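Below: work.cif (mmCIF, C-alpha atoms)
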```cif
data_final
#
loop_
_atom_site.group_PDB
_atom_site.id
_atom_site.type_symbol
_atom_site.label_atom_id
_atom_site.label_comp_id
_atom_site.auth_asym_id
_atom_site.auth_seq_id
_atom_site.Cartn_x
_atom_site.Cartn_y
_atom_site.Cartn_z
ATOM 1 C CA MET A 166 93.715 65.303 17.276
ATOM 2 C CA LYS A 167 90.080 64.426 16.800
ATOM 3 C CA ARG A 168 88.462 67.410 18.558
ATOM 4 C CA LEU A 169 89.301 70.373 20.702
ATOM 5 C CA LEU A 170 87.158 70.613 23.809
ATOM 6 C CA PRO A 171 87.913 73.807 25.667
ATOM 7 C CA HIS A 172 87.067 73.865 29.351
ATOM 8 C CA ILE A 173 86.168 77.342 30.454
ATOM 9 C CA TYR A 174 86.053 78.352 34.108
ATOM 10 C CA ILE A 175 83.856 81.396 34.556
ATOM 11 C CA GLU A 176 81.985 83.313 37.221
ATOM 12 C CA ASN A 177 78.189 82.844 37.194
ATOM 13 C CA CYS A 178 78.437 79.758 35.004
ATOM 14 C CA LYS A 179 74.693 79.151 34.627
ATOM 15 C CA GLU A 180 74.105 82.694 33.357
ATOM 16 C CA ALA A 181 77.123 82.495 31.045
ATOM 17 C CA LEU A 182 76.065 79.091 29.716
ATOM 18 C CA ASP A 183 72.585 80.407 28.874
ATOM 19 C CA TYR A 184 74.195 83.377 27.085
ATOM 20 C CA TYR A 185 76.494 81.188 24.969
ATOM 21 C CA GLN A 186 73.610 78.911 24.043
ATOM 22 C CA LYS A 187 71.840 81.992 22.664
ATOM 23 C CA VAL A 188 74.982 83.036 20.746
ATOM 24 C CA PHE A 189 75.987 79.646 19.301
ATOM 25 C CA GLY A 190 72.811 77.558 19.519
ATOM 26 C CA GLY A 191 73.018 73.933 20.552
ATOM 27 C CA GLU A 192 71.962 72.061 23.656
ATOM 28 C CA ILE A 193 73.065 72.362 27.284
ATOM 29 C CA LYS A 194 73.842 68.894 28.680
ATOM 30 C CA ASN A 195 75.369 67.199 31.695
ATOM 31 C CA THR A 196 75.025 70.058 34.143
ATOM 32 C CA GLN A 197 76.259 69.091 37.596
ATOM 33 C CA THR A 198 76.343 71.193 40.736
ATOM 34 C CA GLY A 199 78.331 70.671 43.886
ATOM 35 C CA ASP A 200 75.116 70.412 45.918
ATOM 36 C CA GLY A 201 75.356 67.733 48.577
ATOM 37 C CA MET A 202 79.084 67.168 48.027
ATOM 38 C CA GLU A 203 81.249 67.856 51.038
ATOM 39 C CA MET A 204 84.176 69.115 48.969
ATOM 40 C CA PHE A 205 81.924 71.842 47.475
ATOM 41 C CA GLU A 206 80.319 72.927 50.761
ATOM 42 C CA GLY A 207 79.675 76.662 50.617
ATOM 43 C CA HIS A 208 79.377 76.576 46.835
ATOM 44 C CA GLU A 209 75.853 75.167 46.605
ATOM 45 C CA GLY A 210 74.169 75.928 43.289
ATOM 46 C CA LYS A 211 77.489 76.431 41.506
ATOM 47 C CA TYR A 212 78.249 74.342 38.427
ATOM 48 C CA ILE A 213 81.154 71.932 38.754
ATOM 49 C CA HIS A 214 80.592 70.748 35.178
ATOM 50 C CA SER A 215 78.362 71.609 32.229
ATOM 51 C CA GLU A 216 78.504 71.142 28.485
ATOM 52 C CA LEU A 217 77.251 73.126 25.519
ATOM 53 C CA HIS A 218 76.836 70.757 22.568
ATOM 54 C CA ILE A 219 76.696 73.056 19.539
ATOM 55 C CA ASN A 220 76.763 70.060 17.198
ATOM 56 C CA LYS A 221 78.331 66.585 17.231
ATOM 57 C CA ASN A 222 81.829 67.985 16.631
ATOM 58 C CA CYS A 223 81.702 71.152 18.725
ATOM 59 C CA VAL A 224 81.395 70.854 22.487
ATOM 60 C CA ILE A 225 82.468 73.401 25.090
ATOM 61 C CA PHE A 226 82.811 72.490 28.763
ATOM 62 C CA PHE A 227 82.014 75.150 31.378
ATOM 63 C CA ALA A 228 82.316 75.300 35.167
ATOM 64 C CA ASP A 229 82.077 77.944 37.866
ATOM 65 C CA VAL A 230 85.387 79.284 39.060
ATOM 66 C CA PHE A 231 86.088 78.832 42.778
ATOM 67 C CA ASN A 232 89.350 80.807 42.948
ATOM 68 C CA PRO A 233 90.220 84.356 41.881
ATOM 69 C CA LEU A 234 89.898 84.710 38.118
ATOM 70 C CA VAL A 235 91.378 87.208 35.714
ATOM 71 C CA LYS A 236 88.616 87.369 33.121
ATOM 72 C CA GLY A 237 89.629 86.549 29.567
ATOM 73 C CA GLU A 238 93.141 85.492 30.383
ATOM 74 C CA ASN A 239 92.339 81.899 31.265
ATOM 75 C CA ILE A 240 91.592 80.739 27.698
ATOM 76 C CA TRP A 241 91.151 81.887 24.119
ATOM 77 C CA THR A 242 89.001 79.665 22.001
ATOM 78 C CA MET A 243 89.163 79.456 18.215
ATOM 79 C CA LEU A 244 85.887 78.612 16.529
ATOM 80 C CA ASP A 245 86.113 77.365 12.953
ATOM 81 C CA MET A 246 82.837 78.348 11.294
ATOM 82 C CA THR A 247 80.927 76.522 8.564
ATOM 83 C CA SER A 248 79.690 79.555 6.602
ATOM 84 C CA GLU A 249 80.097 83.279 6.125
ATOM 85 C CA ASP A 250 76.572 83.806 7.457
ATOM 86 C CA GLU A 251 77.492 81.957 10.654
ATOM 87 C CA ILE A 252 80.670 83.956 11.285
ATOM 88 C CA ASN A 253 78.855 87.233 10.559
ATOM 89 C CA SER A 254 76.020 86.369 12.957
ATOM 90 C CA ILE A 255 78.252 85.269 15.821
ATOM 91 C CA TYR A 256 80.612 88.224 15.311
ATOM 92 C CA GLU A 257 77.725 90.691 15.430
ATOM 93 C CA THR A 258 76.208 89.089 18.537
ATOM 94 C CA LEU A 259 79.466 88.932 20.497
ATOM 95 C CA SER A 260 80.561 92.420 19.378
ATOM 96 C CA LYS A 261 77.323 94.058 20.463
ATOM 97 C CA ASP A 262 78.123 93.721 24.175
ATOM 98 C CA GLY A 263 81.842 92.970 23.856
ATOM 99 C CA GLU A 264 85.131 94.478 22.738
ATOM 100 C CA VAL A 265 86.463 93.908 19.226
ATOM 101 C CA LYS A 266 90.188 93.079 19.373
ATOM 102 C CA MET A 267 90.458 92.484 15.605
ATOM 103 C CA GLU A 268 87.742 93.501 13.156
ATOM 104 C CA LEU A 269 86.143 90.802 11.011
ATOM 105 C CA GLN A 270 88.215 90.783 7.827
ATOM 106 C CA ASP A 271 89.673 88.724 5.002
ATOM 107 C CA THR A 272 93.087 87.327 5.872
ATOM 108 C CA PHE A 273 96.213 86.209 4.069
ATOM 109 C CA TRP A 274 95.364 82.585 4.958
ATOM 110 C CA ASN A 275 92.199 82.792 2.819
ATOM 111 C CA SER A 276 89.773 83.066 5.714
ATOM 112 C CA ARG A 277 87.430 85.576 7.320
ATOM 113 C CA PHE A 278 88.750 86.139 10.817
ATOM 114 C CA ALA A 279 88.057 88.251 13.906
ATOM 115 C CA VAL A 280 88.904 88.364 17.589
ATOM 116 C CA VAL A 281 86.258 89.484 20.095
ATOM 117 C CA LYS A 282 86.423 89.735 23.873
ATOM 118 C CA ASP A 283 82.819 89.197 24.951
ATOM 119 C CA LYS A 284 80.767 90.716 27.764
ATOM 120 C CA ASN A 285 82.001 88.001 30.162
ATOM 121 C CA GLY A 286 85.666 88.742 29.420
ATOM 122 C CA LEU A 287 86.310 85.661 27.255
ATOM 123 C CA THR A 288 88.306 86.032 24.050
ATOM 124 C CA TRP A 289 86.995 84.287 20.918
ATOM 125 C CA GLU A 290 88.920 83.839 17.679
ATOM 126 C CA LEU A 291 86.367 83.439 14.889
ATOM 127 C CA ASN A 292 87.512 81.802 11.663
ATOM 128 C CA PHE A 293 85.803 80.834 8.400
ATOM 129 C CA SER A 294 88.024 79.209 5.771
ATOM 130 C CA LYS A 295 86.911 80.166 2.272
#
```

Written form, structure tokens:
Amino acid sequence: MKRLLPHIYIENCKEALDYYQKVFGGEIKNTQTGDGMEMFEGHEGKYIHSELHINKNCVIFFADVFNPLVKGENIWTMLDMTSEDEINSIYETLSKDGEVKMELQDTFWNSRFAVVKDKNGLTWELNFSK
């Protein structure tokens, strides 16, 4: 497998996408709304596709959800970090408004690891291999 590209369906996608850009950095690209498309009538302004390009190897796809959603149960995403500073920063930012499921700690697989459910109900597994 070359890359993992999670596709996250979330309520208020534009707001969530702006939040994650602040958390992870990167560039928002390829945003598309259902405006003017018959199949998305009644959902004007909603995102049918958007991408957060954190770097050339890390891309997350986002879209508004159009059906009932149980927050946080639709996907868990594991993020493999490049440094201890990066994992500490992202952990602190997500934890501030979220719920820590597993504290940031050293693990038996020689990594720093944590699990955080963020303010939007998404669960993130954070990993930094030492």

Rounded to one decimal in Å, what is the spacing between atom CA of Glu180 of chain A and atom CA of Phe278 of chain A?
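According to the coordinates, atom CA of Glu180 of chain A and atom CA of Phe278 of chain A are separated by 27.1 Å.
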
Selected residue, from A:Thr258, A:Phe189, A:Asp250, A:Asp229, that lies nearest to Glu209 of chain A when counting only C-alpha atoms
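Selected residue with least distance to Glu209 of chain A: A:Asp229.
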
Selection result for the PyMOL selection byres ((chain A and resi 248) around 12) on this file, as a list in words:
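Those residues are Leu244, Asp245, Met246, Thr247, Glu249, Asp250, Glu251, Ile252, Asn253, Ser254, Ile255, Ser276, Arg277, Phe278, Leu291, Asn292, Phe293, Ser294 and Lys295 of chain A.
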
The centre and edge lengths of an axis-aligned box containing all atoms of segment 194-205 of chain A present in the file, extended by 4 Å on each side, are to be given in Å to one decimal, as lines of an AutoDock Vina configuration file.
```
center_x = 79.0
center_y = 69.5
center_z = 39.9
size_x = 18.3
size_y = 12.7
size_z = 30.4
```

Pick out the closest residue to Thr196 of chain A from this set: A:Asn177, A:Val230, A:Glu216, A:Lys261. Count all atoms listed in the file.
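Checking each of A:Asn177, A:Val230, A:Glu216, A:Lys261 against Thr196 of chain A, counting all atoms listed in the file, the winner is A:Glu216.
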
Would you translate the PyMOL selection byres ((chain A and resi 222-224) around 10) into the concrete set of residues it matches in this file, as a CSV table (one decimal) with C-alpha atoms, in the frame of the given file?
```csv
chain,number,residue,atom,x,y,z
A,167,LYS,CA,90.1,64.4,16.8
A,168,ARG,CA,88.5,67.4,18.6
A,169,LEU,CA,89.3,70.4,20.7
A,170,LEU,CA,87.2,70.6,23.8
A,171,PRO,CA,87.9,73.8,25.7
A,172,HIS,CA,87.1,73.9,29.4
A,191,GLY,CA,73.0,73.9,20.6
A,192,GLU,CA,72.0,72.1,23.7
A,193,ILE,CA,73.1,72.4,27.3
A,194,LYS,CA,73.8,68.9,28.7
A,216,GLU,CA,78.5,71.1,28.5
A,217,LEU,CA,77.3,73.1,25.5
A,218,HIS,CA,76.8,70.8,22.6
A,219,ILE,CA,76.7,73.1,19.5
A,220,ASN,CA,76.8,70.1,17.2
A,221,LYS,CA,78.3,66.6,17.2
A,225,ILE,CA,82.5,73.4,25.1
A,226,PHE,CA,82.8,72.5,28.8
A,227,PHE,CA,82.0,75.2,31.4
A,244,LEU,CA,85.9,78.6,16.5
A,245,ASP,CA,86.1,77.4,13.0
```
